[in-house]
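Student: Shown below is the structure under consideration.
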Amino acid sequence: MLKKIVIGTRASILALAQTKLVAGMIRERFPHIEVEWKEIITKGDKDLRTNWNNSNTSLKSLFTKEIEKELLDGTIHIAVHSMKDMPAVSPEGLICGAIPEREDNRDVLITRDGRKLAELPEGAVIGTSSLRRTMSIKELRSDITIKPIRGNIHTRLGKLDSGEFDGILLALAGLKRTGMEDRATEIFEIDDFVPAPAQGSLHIQCREDNTEIREILDTLNDEKSRLVVEAEREFSRIFDGGCHTPMGCAGKLVGDKLNLKGMYYYEGKVYRDEIEGSVEDRIKLAGELAEKIRGQYNG
Ligand SMILES: NCc1[nH]cc(CCC(=O)O)c1CC(=O)O
């Protein structure tokens, strides 16, 4: 019988918050198992010059490689990641062992003085390095000036507070999980601002051959979250989504139906559509939604 589980984590406040959340879930279900975490510094953490928010799949692994090596070596048992930052395909020997209940997937605006988007002055400066967020905010207010911003949530909030920006855009999930939800000035509705595929969802990673850990992780799974996230990830795979590709996708269960909204920016224009169907057909639905959107610009 397993006595202790070691979770590998990056040292950022969000990574630690997510790790502690998962540690709590395991302790609650398996009180006899001791849960610890080990902070691992990744190449991405060392190299702050990398614009990781606009990174493609290979750059994405900058933040996971060292952690994945420790999983494979067996020095840690599991790792907790934000699903939206994970490439579509797991490295050889590793799997996603659980997708727990998803947090709110919406995006938020945070301003220094509590002004909402509509109240900001002409040409106000908003910080984001995400193309999806840039395009979405420009759609709502074309006069806004976008300036790139890097670093973890605290660094970004610090840059906002010091006056470098009038506002910044972040995921509500990250604010909630780090206990800073009260910083959210304006929460954007999905129809105005389509979230990144799998935003707000966790990816608990483990070794494929570790059956004991897989049985434990099975109990952390939230089936509804998994079904929705699978569809969003399929949409993202079709459009080859790193965070680099300006696209969004958000699913919602309505009874036994899945409603899927998607958007994609192509040659400077926004295309959106939505689809609804049986949740069992979620992968097919994601493909059909992508086809509908492609049909708009291919005519
Ligand atoms: N790309 C960085 C990242 N990865 C996950 C989150 C937030 C939490 C989540 O979406 O699950 C963030 C920060 C942000 O986008 O505001």
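Residue numbering restarts at 1 for every chain of the structure tokens, chains are lettered A, B, ... in their displayed order, and ligands are numbered from 1 as they appear.
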What does the list of residues within 6 Å of ligand 1 look like if you count only C-alpha atoms and all ligand atoms, written as a list in words?

Tutor: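 Every residue with an atom at most 6 Å from ligand 1 is listed here: Asn53, Ser82, Asp85, Leu170, Ala171, Ala173, Gly174, Gln199, Gly200 and Ser201 of chain A.
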
Student: If DSSP is run on the backbone, what residues of segment 222-296 of chain A are helix (DSSP H, G or I)? A reply as number ranges by chain would be ideal.

Tutor: A: 223-238, 279-296

Student: Considering only C-alpha atoms, state which residue in the set A:Val254, A:Ser278, A:Asp273, A:Leu140 is at the smallest distance from Lys292 of chain A.

Tutor: A:Asp273

Student: Could you tell me which of A:Glu208, A:Asp182, A:Glu28, A:Asp45 comes closest to Gly93 of chain A if we count only C-alpha atoms?

Tutor: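 Residue with the minimum atom-to-atom distance to Gly93 of chain A: A:Glu208.
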
Student: Suppose you want the space between atom CA of Asn259 of chain A and atom CA of Ala196 of chain A; what is it in Å?

Tutor: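 Pair atom CA of Asn259 of chain A / atom CA of Ala196 of chain A returns 15.6 Å.
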
Student: So that I can check the surroundings of Leu217 of chain A, please list as a list in words every protein, DNA and RNA residue that reaches within 8 Å of it, counting only C-alpha atoms and ignoring chain neighbours fewer than 4 positions away.

Tutor: Gly97, Ala98, Ile204, Ile213 and Asn221 of chain A

Student: Determine, counting only C-alpha atoms, which protein, DNA and RNA residues have an atom within 10 Å of an atom of Leu117 of chain A; residues of the same chain fewer than 2 positions away are not included. Present the result as a count of residues only.

Tutor: 18
